[in-house]
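Peer 1: My file is structure-v3.cif. It has mmCIF, C-alpha atoms and all ligand atoms:
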```cif
data_work
#
loop_
_atom_site.group_PDB
_atom_site.id
_atom_site.type_symbol
_atom_site.label_atom_id
_atom_site.label_comp_id
_atom_site.auth_asym_id
_atom_site.auth_seq_id
_atom_site.Cartn_x
_atom_site.Cartn_y
_atom_site.Cartn_z
ATOM 1 C CA MET A 957 19.183 -24.984 -29.079
ATOM 2 C CA THR A 958 16.685 -22.577 -30.572
ATOM 3 C CA LEU A 959 13.358 -22.451 -28.713
ATOM 4 C CA LEU A 960 11.688 -19.653 -30.675
ATOM 5 C CA GLU A 961 12.351 -18.707 -34.250
ATOM 6 C CA VAL A 962 10.606 -15.836 -36.016
ATOM 7 C CA GLN A 963 11.219 -15.978 -39.765
ATOM 8 C CA ASP A 964 10.616 -12.988 -42.045
ATOM 9 C CA VAL A 965 7.405 -11.903 -40.352
ATOM 10 C CA SER A 966 5.478 -9.009 -41.905
ATOM 11 C CA LYS A 967 2.302 -7.359 -40.664
ATOM 12 C CA SER A 968 0.467 -4.277 -41.887
ATOM 13 C CA PHE A 969 -2.555 -2.403 -40.544
ATOM 14 C CA ALA A 970 -4.533 -0.708 -43.307
ATOM 15 C CA GLY A 971 -1.401 0.138 -45.224
ATOM 16 C CA LEU A 972 0.723 0.940 -42.177
ATOM 17 C CA ARG A 973 3.686 -1.414 -42.145
ATOM 18 C CA ALA A 974 4.059 -2.420 -38.495
ATOM 19 C CA LEU A 975 6.497 -5.262 -39.180
ATOM 20 C CA HIS A 976 8.548 -5.799 -42.307
ATOM 21 C CA SER A 977 10.340 -9.122 -42.764
ATOM 22 C CA VAL A 978 11.370 -9.406 -39.131
ATOM 23 C CA SER A 979 13.415 -12.392 -37.964
ATOM 24 C CA LEU A 980 14.765 -13.327 -34.568
ATOM 25 C CA GLN A 981 15.873 -16.328 -32.580
ATOM 26 C CA VAL A 982 15.646 -17.107 -28.906
ATOM 27 C CA GLU A 983 17.899 -19.837 -27.569
ATOM 28 C CA ARG A 984 16.531 -22.118 -24.891
ATOM 29 C CA GLY A 985 17.480 -20.913 -21.410
ATOM 30 C CA SER A 986 18.388 -17.406 -22.538
ATOM 31 C CA ILE A 987 16.932 -13.976 -21.912
ATOM 32 C CA VAL A 988 16.590 -11.957 -25.102
ATOM 33 C CA GLY A 989 15.817 -8.233 -25.093
ATOM 34 C CA LEU A 990 13.647 -6.568 -27.732
ATOM 35 C CA ILE A 991 14.002 -2.802 -27.763
ATOM 36 C CA GLY A 992 13.108 0.115 -29.976
ATOM 37 C CA PRO A 993 11.238 3.418 -29.991
ATOM 38 C CA ASN A 994 7.502 3.722 -29.411
ATOM 39 C CA GLY A 995 5.615 2.358 -32.397
ATOM 40 C CA ALA A 996 8.562 0.264 -33.595
ATOM 41 C CA GLY A 997 6.430 -2.877 -33.717
ATOM 42 C CA LYS A 998 7.429 -4.672 -30.501
ATOM 43 C CA THR A 999 3.919 -5.337 -29.217
ATOM 44 C CA THR A 1000 2.767 -6.336 -32.707
ATOM 45 C CA LEU A 1001 5.560 -8.905 -32.824
ATOM 46 C CA PHE A 1002 4.454 -10.251 -29.422
ATOM 47 C CA ASN A 1003 0.899 -10.457 -30.720
ATOM 48 C CA VAL A 1004 2.039 -12.441 -33.744
ATOM 49 C CA ILE A 1005 4.129 -14.824 -31.614
ATOM 50 C CA ALA A 1006 1.269 -15.332 -29.137
ATOM 51 C CA GLY A 1007 -1.265 -15.946 -31.911
ATOM 52 C CA VAL A 1008 -3.338 -12.822 -31.243
ATOM 53 C CA MET A 1009 -2.549 -11.591 -34.741
ATOM 54 C CA LYS A 1010 -1.854 -13.546 -37.894
ATOM 55 C CA PRO A 1011 1.176 -12.323 -39.824
ATOM 56 C CA ASP A 1012 0.684 -11.340 -43.468
ATOM 57 C CA ALA A 1013 3.841 -13.279 -44.250
ATOM 58 C CA GLY A 1014 6.504 -15.245 -42.432
ATOM 59 C CA ARG A 1015 6.539 -18.006 -39.856
ATOM 60 C CA VAL A 1016 6.794 -18.529 -36.125
ATOM 61 C CA LEU A 1017 8.438 -21.758 -34.981
ATOM 62 C CA PHE A 1018 8.275 -22.787 -31.353
ATOM 63 C CA ASP A 1019 10.326 -25.728 -30.189
ATOM 64 C CA GLY A 1020 10.437 -26.922 -33.779
ATOM 65 C CA THR A 1021 6.680 -26.666 -34.358
ATOM 66 C CA ASP A 1022 5.281 -24.210 -36.883
ATOM 67 C CA VAL A 1023 2.678 -22.339 -34.785
ATOM 68 C CA THR A 1024 1.977 -19.577 -37.316
ATOM 69 C CA GLY A 1025 -1.701 -18.679 -37.242
ATOM 70 C CA TRP A 1026 -2.510 -20.937 -34.293
ATOM 71 C CA PRO A 1027 -5.095 -19.508 -31.893
ATOM 72 C CA PRO A 1028 -3.710 -18.017 -28.662
ATOM 73 C CA TYR A 1029 -5.022 -20.762 -26.371
ATOM 74 C CA ARG A 1030 -3.190 -23.458 -28.333
ATOM 75 C CA ILE A 1031 0.029 -21.471 -28.314
ATOM 76 C CA ALA A 1032 -0.310 -20.867 -24.570
ATOM 77 C CA ARG A 1033 -0.928 -24.562 -24.013
ATOM 78 C CA LEU A 1034 2.188 -25.415 -25.985
ATOM 79 C CA GLY A 1035 4.241 -23.311 -23.590
ATOM 80 C CA ILE A 1036 4.307 -19.610 -24.493
ATOM 81 C CA GLY A 1037 3.214 -17.397 -21.601
ATOM 82 C CA ARG A 1038 2.771 -13.675 -21.773
ATOM 83 C CA THR A 1039 2.419 -10.569 -19.640
ATOM 84 C CA PHE A 1040 0.557 -7.514 -20.885
ATOM 85 C CA GLN A 1041 1.587 -3.869 -20.928
ATOM 86 C CA LEU A 1042 -1.963 -2.956 -19.917
ATOM 87 C CA MET A 1043 -2.739 -5.223 -17.014
ATOM 88 C CA LYS A 1044 -6.212 -6.637 -16.642
ATOM 89 C CA PRO A 1045 -6.509 -8.685 -13.475
ATOM 90 C CA PHE A 1046 -9.949 -9.580 -12.134
ATOM 91 C CA ASP A 1047 -10.105 -6.849 -9.525
ATOM 92 C CA THR A 1048 -12.890 -8.410 -7.504
ATOM 93 C CA LEU A 1049 -11.084 -11.748 -7.224
ATOM 94 C CA SER A 1050 -8.334 -12.437 -4.739
ATOM 95 C CA VAL A 1051 -4.721 -12.532 -5.870
ATOM 96 C CA LEU A 1052 -4.742 -16.312 -5.445
ATOM 97 C CA ASP A 1053 -7.956 -16.726 -7.441
ATOM 98 C CA ASN A 1054 -6.539 -14.608 -10.262
ATOM 99 C CA VAL A 1055 -3.578 -16.963 -10.529
ATOM 100 C CA THR A 1056 -5.818 -20.027 -10.138
ATOM 101 C CA VAL A 1057 -7.614 -18.968 -13.330
ATOM 102 C CA ALA A 1058 -4.256 -19.552 -15.047
ATOM 103 C CA THR A 1059 -3.228 -22.736 -13.227
ATOM 104 C CA LEU A 1060 -6.626 -24.312 -13.994
ATOM 105 C CA GLN A 1061 -5.423 -24.446 -17.609
ATOM 106 C CA ARG A 1062 -2.723 -26.866 -16.494
ATOM 107 C CA HIS A 1063 -4.372 -28.782 -13.669
ATOM 108 C CA ARG A 1064 -7.682 -30.566 -13.845
ATOM 109 C CA SER A 1065 -8.492 -30.725 -10.174
ATOM 110 C CA ARG A 1066 -9.308 -27.475 -8.414
ATOM 111 C CA LYS A 1067 -7.205 -28.582 -5.496
ATOM 112 C CA GLU A 1068 -4.138 -29.117 -7.664
ATOM 113 C CA ALA A 1069 -4.706 -25.823 -9.470
ATOM 114 C CA ARG A 1070 -4.940 -24.026 -6.148
ATOM 115 C CA ARG A 1071 -1.792 -25.667 -4.858
ATOM 116 C CA ALA A 1072 0.079 -24.669 -8.024
ATOM 117 C CA ALA A 1073 -1.291 -21.121 -7.781
ATOM 118 C CA THR A 1074 -0.224 -20.842 -4.139
ATOM 119 C CA GLU A 1075 3.301 -21.830 -5.145
ATOM 120 C CA VAL A 1076 3.438 -19.267 -7.928
ATOM 121 C CA VAL A 1077 2.021 -16.508 -5.733
ATOM 122 C CA GLU A 1078 4.717 -17.242 -3.156
ATOM 123 C CA ARG A 1079 7.294 -17.451 -5.939
ATOM 124 C CA VAL A 1080 6.650 -13.889 -7.103
ATOM 125 C CA GLY A 1081 6.607 -12.536 -3.559
ATOM 126 C CA LEU A 1082 2.865 -11.988 -3.178
ATOM 127 C CA GLY A 1083 2.326 -14.631 -0.496
ATOM 128 C CA GLU A 1084 1.114 -12.115 2.064
ATOM 129 C CA TRP A 1085 -1.399 -10.772 -0.447
ATOM 130 C CA ALA A 1086 -2.784 -14.115 -1.607
ATOM 131 C CA ASP A 1087 -6.225 -13.650 -0.046
ATOM 132 C CA ARG A 1088 -6.548 -9.917 -0.681
ATOM 133 C CA LYS A 1089 -8.490 -8.553 -3.625
ATOM 134 C CA ALA A 1090 -6.298 -7.781 -6.625
ATOM 135 C CA SER A 1091 -7.641 -4.219 -6.616
ATOM 136 C CA VAL A 1092 -5.704 -3.370 -3.436
ATOM 137 C CA LEU A 1093 -2.333 -4.052 -5.046
ATOM 138 C CA SER A 1094 0.149 -1.293 -5.862
ATOM 139 C CA THR A 1095 1.577 -0.948 -9.393
ATOM 140 C CA ALA A 1096 4.483 -3.135 -8.324
ATOM 141 C CA GLY A 1097 2.032 -5.673 -6.939
ATOM 142 C CA TYR A 1098 0.035 -5.661 -10.176
ATOM 143 C CA LYS A 1099 3.224 -6.299 -12.139
ATOM 144 C CA ARG A 1100 4.043 -9.257 -9.920
ATOM 145 C CA LEU A 1101 0.501 -10.563 -10.300
ATOM 146 C CA GLU A 1102 0.784 -10.230 -14.068
ATOM 147 C CA LEU A 1103 3.990 -12.275 -13.912
ATOM 148 C CA ALA A 1104 2.310 -14.848 -11.652
ATOM 149 C CA LYS A 1105 -0.623 -15.240 -14.061
ATOM 150 C CA ALA A 1106 1.811 -15.899 -16.915
ATOM 151 C CA LEU A 1107 3.893 -18.316 -14.819
ATOM 152 C CA GLY A 1108 0.728 -20.126 -13.782
ATOM 153 C CA LEU A 1109 0.503 -21.489 -17.325
ATOM 154 C CA GLU A 1110 3.885 -23.149 -16.711
ATOM 155 C CA PRO A 1111 5.419 -21.704 -19.861
ATOM 156 C CA SER A 1112 8.789 -22.674 -21.260
ATOM 157 C CA LEU A 1113 8.925 -19.261 -22.984
ATOM 158 C CA LEU A 1114 7.741 -16.077 -21.324
ATOM 159 C CA LEU A 1115 7.007 -12.933 -23.344
ATOM 160 C CA LEU A 1116 7.410 -9.992 -20.985
ATOM 161 C CA ASP A 1117 5.911 -6.674 -22.066
ATOM 162 C CA GLU A 1118 7.333 -3.795 -20.029
ATOM 163 C CA VAL A 1119 7.178 -5.508 -16.660
ATOM 164 C CA LEU A 1120 9.401 -2.795 -15.184
ATOM 165 C CA ALA A 1121 7.458 0.245 -16.416
ATOM 166 C CA GLY A 1122 6.131 2.418 -13.613
ATOM 167 C CA LEU A 1123 8.290 0.830 -10.929
ATOM 168 C CA VAL A 1124 10.668 2.766 -8.692
ATOM 169 C CA PRO A 1125 14.351 1.734 -8.968
ATOM 170 C CA ALA A 1126 14.394 -0.395 -5.791
ATOM 171 C CA GLU A 1127 11.365 -2.343 -6.998
ATOM 172 C CA ARG A 1128 12.872 -2.690 -10.476
ATOM 173 C CA ALA A 1129 15.981 -4.229 -8.965
ATOM 174 C CA ARG A 1130 13.838 -6.755 -7.093
ATOM 175 C CA VAL A 1131 11.940 -7.712 -10.247
ATOM 176 C CA VAL A 1132 15.221 -8.036 -12.189
ATOM 177 C CA GLU A 1133 16.410 -10.433 -9.479
ATOM 178 C CA LEU A 1134 13.135 -12.337 -9.670
ATOM 179 C CA LEU A 1135 13.462 -12.691 -13.459
ATOM 180 C CA ARG A 1136 16.991 -14.054 -12.995
ATOM 181 C CA GLU A 1137 15.644 -16.643 -10.576
ATOM 182 C CA ILE A 1138 12.856 -17.597 -12.967
ATOM 183 C CA ARG A 1139 15.412 -18.044 -15.732
ATOM 184 C CA ALA A 1140 17.546 -20.212 -13.436
ATOM 185 C CA GLU A 1141 14.482 -22.421 -13.024
ATOM 186 C CA GLY A 1142 14.544 -23.062 -16.767
ATOM 187 C CA VAL A 1143 12.176 -20.459 -18.224
ATOM 188 C CA THR A 1144 13.365 -18.742 -21.411
ATOM 189 C CA MET A 1145 12.380 -15.088 -21.825
ATOM 190 C CA LEU A 1146 11.809 -12.525 -24.552
ATOM 191 C CA LEU A 1147 11.709 -9.122 -22.951
ATOM 192 C CA VAL A 1148 10.243 -5.907 -24.340
ATOM 193 C CA GLU A 1149 11.482 -3.139 -22.113
ATOM 194 C CA HIS A 1150 12.366 0.544 -22.163
ATOM 195 C CA VAL A 1151 14.377 0.425 -18.941
ATOM 196 C CA MET A 1152 17.737 -0.032 -20.611
ATOM 197 C CA SER A 1153 19.779 -0.753 -17.486
ATOM 198 C CA ALA A 1154 17.547 -3.780 -16.870
ATOM 199 C CA VAL A 1155 17.663 -4.927 -20.507
ATOM 200 C CA MET A 1156 21.440 -4.737 -20.414
ATOM 201 C CA ALA A 1157 21.733 -6.468 -17.056
ATOM 202 C CA LEU A 1158 19.415 -9.323 -18.001
ATOM 203 C CA SER A 1159 19.811 -10.001 -21.711
ATOM 204 C CA ASP A 1160 22.158 -12.447 -23.360
ATOM 205 C CA HIS A 1161 21.221 -11.008 -26.732
ATOM 206 C CA VAL A 1162 19.362 -7.869 -27.806
ATOM 207 C CA TYR A 1163 17.315 -7.124 -30.938
ATOM 208 C CA VAL A 1164 16.484 -3.576 -31.963
ATOM 209 C CA LEU A 1165 13.314 -2.831 -33.922
ATOM 210 C CA HIS A 1166 12.838 0.473 -35.688
ATOM 211 C CA HIS A 1167 9.908 1.380 -37.949
ATOM 212 C CA GLY A 1168 8.955 -2.277 -38.129
ATOM 213 C CA GLU A 1169 12.377 -3.449 -39.289
ATOM 214 C CA MET A 1170 15.152 -5.188 -37.420
ATOM 215 C CA LEU A 1171 17.743 -2.452 -37.199
ATOM 216 C CA ALA A 1172 20.420 -4.328 -35.287
ATOM 217 C CA SER A 1173 21.107 -7.235 -32.992
ATOM 218 C CA GLY A 1174 23.955 -8.421 -30.828
ATOM 219 C CA THR A 1175 25.196 -8.599 -27.275
ATOM 220 C CA PRO A 1176 24.064 -5.736 -25.029
ATOM 221 C CA GLU A 1177 27.532 -4.167 -25.399
ATOM 222 C CA GLU A 1178 27.489 -4.395 -29.192
ATOM 223 C CA VAL A 1179 24.018 -2.933 -29.464
ATOM 224 C CA THR A 1180 24.639 0.009 -27.142
ATOM 225 C CA LYS A 1181 27.729 0.951 -29.154
ATOM 226 C CA ASP A 1182 26.020 0.621 -32.539
ATOM 227 C CA PRO A 1183 25.759 4.117 -34.076
ATOM 228 C CA ARG A 1184 22.474 3.205 -35.828
ATOM 229 C CA VAL A 1185 20.920 2.182 -32.510
ATOM 230 C CA ILE A 1186 22.195 5.299 -30.785
ATOM 231 C CA GLU A 1187 20.713 7.452 -33.521
ATOM 232 C CA ALA A 1188 17.367 5.651 -33.707
ATOM 233 C CA TYR A 1189 16.749 5.024 -30.051
ATOM 234 C CA LEU A 1190 19.355 5.467 -27.365
ATOM 235 C CA GLY A 1191 20.650 8.872 -28.424
ATOM 236 C CA GLU A 1192 17.322 10.343 -29.355
ATOM 237 C CA GLU A 1193 15.920 9.364 -25.990
ATOM 238 C CA GLY A 1194 19.162 9.573 -24.069
ATOM 239 C CA HIS A 1195 17.557 8.841 -20.742
ATOM 240 C CA HIS A 1196 17.035 5.239 -21.820
ATOM 241 C CA ALA A 1197 20.763 4.557 -21.663
ATOM 242 C CA GLY A 1198 20.992 5.284 -18.013
ATOM 243 C CA ALA A 1199 17.414 4.535 -17.017
HETATM 244 N N1 LIG A 1201 -4.455 -3.118 -33.959
HETATM 245 C C1 LIG A 1201 -3.829 -2.146 -34.618
HETATM 246 N N2 LIG A 1201 -4.470 -1.439 -35.598
HETATM 247 C C2 LIG A 1201 -3.847 -0.477 -36.278
HETATM 248 N N3 LIG A 1201 -2.585 -0.093 -36.062
HETATM 249 C C3 LIG A 1201 -1.888 -0.732 -35.107
HETATM 250 C C4 LIG A 1201 -2.477 -1.783 -34.334
HETATM 251 N N4 LIG A 1201 -1.544 -2.236 -33.458
HETATM 252 C C5 LIG A 1201 -0.439 -1.495 -33.668
HETATM 253 N N5 LIG A 1201 -0.628 -0.607 -34.651
HETATM 254 C C6 LIG A 1201 0.381 0.327 -35.197
HETATM 255 O O1 LIG A 1201 1.514 -0.449 -35.546
HETATM 256 C C7 LIG A 1201 2.720 0.244 -35.207
HETATM 257 C C8 LIG A 1201 3.519 -0.580 -34.246
HETATM 258 O O2 LIG A 1201 2.870 -0.552 -32.977
HETATM 259 P P1 LIG A 1201 3.356 -1.419 -31.732
HETATM 260 O O3 LIG A 1201 2.347 -1.223 -30.646
HETATM 261 O O4 LIG A 1201 3.644 -2.795 -32.160
HETATM 262 O O5 LIG A 1201 4.712 -0.672 -31.326
HETATM 263 P P2 LIG A 1201 5.586 -0.824 -30.009
HETATM 264 O O6 LIG A 1201 6.993 -0.938 -30.463
HETATM 265 O O7 LIG A 1201 5.055 -1.932 -29.170
HETATM 266 O O8 LIG A 1201 5.383 0.564 -29.264
HETATM 267 P P3 LIG A 1201 5.379 0.928 -27.692
HETATM 268 O O9 LIG A 1201 6.803 0.913 -27.252
HETATM 269 O O10 LIG A 1201 4.781 2.282 -27.681
HETATM 270 O O11 LIG A 1201 4.517 -0.101 -26.998
HETATM 271 C C9 LIG A 1201 2.291 1.599 -34.638
HETATM 272 O O12 LIG A 1201 2.337 2.536 -35.657
HETATM 273 C C10 LIG A 1201 0.868 1.346 -34.180
HETATM 274 O O13 LIG A 1201 0.104 2.514 -34.207
#
```
What would you get if you wrote out this structure as structure tokens?
Peer 2:
Amino acid sequence: MTLLEVQDVSKSFAGLRALHSVSLQVERGSIVGLIGPNGAGKTTLFNVIAGVMKPDAGRVLFDGTDVTGWPPYRIARLGIGRTFQLMKPFDTLSVLDNVTVATLQRHRSRKEARRAATEVVERVGLGEWADRKASVLSTAGYKRLELAKALGLEPSLLLLDEVLAGLVPAERARVVELLREIRAEGVTMLLVEHVMSAVMALSDHVYVLHHGEMLASGTPEEVTKDPRVIEAYLGEEGHHAGA
């Protein structure tokens, strides 16, 4: 069953066409990769899905509801969570308090919100850091916190924006494992990522954006063999293929 459907979405910035008639589908329970060169439009598409930007044309359907143009808080409440490429935790708050800010959206009582936050913090492997200030975390810790904040909203769909960037390979492998576990718990994911080995290992289906247009889509194997994708992305930045 389709959980997210993007239909012919277009978005321009002062004449610059960031997205041109882009469509994609995310099946419930799947992990879908969204790849493409810098400036291809990936973050813009996330912004449209999450309600941060209104598309000039096209529609976003989530779980059968047309959410196009809805404000971000309503979309989040309906079940779309999101991590950000540029992370902005509250540095002076503890790790647990940062996540409680998210769980308070779902739980009325502070006690319940705190209990839910504690669970999520444990879930992402930050249990030992729960009472430390967010500012003491490493990059890997920040990434996990970012994931925890998104999970705290109890989303059915998670939009992940480069959660592996800046991590060393051992840490990447741990986050890949964590994402698999989160999927097994029933969370569907749309994943923007430049670390191709992870995209290939995780994704059931991959979409390739290029200059704001959907260049190709298919299984990871199909996409990596597609000459257009190799020319536009994988070949040009060959390190992606093995990264
Ligand atoms: N708020 C904005 N105002 C003007 N131009 C923008 C804005 N946001 C994005 N753009 C432009 O739209 C195009 C698509 O950018 P976008 O950030 O969506 O690409 P991306 O695929 O996410 O790139 P990256 O991999 O570098 O994050 C780029 O040319 C970018 O400069």
Peer 1: Grab all the atoms of ligand LIG 1201 (chain A) that the file lists, wrap them in a box along x, y and z, add 5 Å per side, and give me centre plus edge lengths in Å (one decimal) as lines of an AutoDock Vina configuration file.
Peer 2:
```
center_x = 1.3
center_y = -0.3
center_z = -31.6
size_x = 21.5
size_y = 15.7
size_z = 19.3
```
Peer 1: With distances taken over all atoms listed in the file, which of A:Leu990, A:Asp1053, A:Gly1142, A:Ser977 is nearest to A:Arg1066?
Peer 2: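 That would be A:Asp1053, the residue with the smallest distance to A:Arg1066.
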Peer 1: For the structure shown, which residues end up in the PyMOL selection byres (((chain A and resi 985) around 6) and not hetatm)? Put them as number ranges by chain, please?
Peer 2: A: 984, 986, 1142, 1144
Peer 1: Could you pull the residues within 10 Å of A:Arg1139, counting all atoms listed in the file, minus those fewer than 4 positions along the same chain, as a PDB file with C-alpha atoms, keeping the file's coordinate frame?
Peer 2:
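Wrote it out as part-v1.pdb, contents follow:
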```
ATOM      1  CA  GLY A 985      17.480 -20.913 -21.410  1.00  0.00           C
ATOM      2  CA  SER A 986      18.388 -17.406 -22.538  1.00  0.00           C
ATOM      3  CA  ILE A 987      16.932 -13.976 -21.912  1.00  0.00           C
ATOM      4  CA  SER A1112       8.789 -22.674 -21.260  1.00  0.00           C
ATOM      5  CA  LEU A1113       8.925 -19.261 -22.984  1.00  0.00           C
ATOM      6  CA  LEU A1114       7.741 -16.077 -21.324  1.00  0.00           C
ATOM      7  CA  GLU A1133      16.410 -10.433  -9.479  1.00  0.00           C
ATOM      8  CA  LEU A1134      13.135 -12.337  -9.670  1.00  0.00           C
ATOM      9  CA  LEU A1135      13.462 -12.691 -13.459  1.00  0.00           C
ATOM     10  CA  VAL A1143      12.176 -20.459 -18.224  1.00  0.00           C
ATOM     11  CA  THR A1144      13.365 -18.742 -21.411  1.00  0.00           C
ATOM     12  CA  MET A1145      12.380 -15.088 -21.825  1.00  0.00           C
ATOM     13  CA  LEU A1158      19.415  -9.323 -18.001  1.00  0.00           C
TER      14      LEU A1158
END
```
Peer 1: Have a look at atom CA of A:Gly992 and atom CA of A:Leu972 and let me know their distance in Å, one decimal.
Peer 2: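 Between atom CA of A:Gly992 and atom CA of A:Leu972 the gap works out to 17.4 Å.
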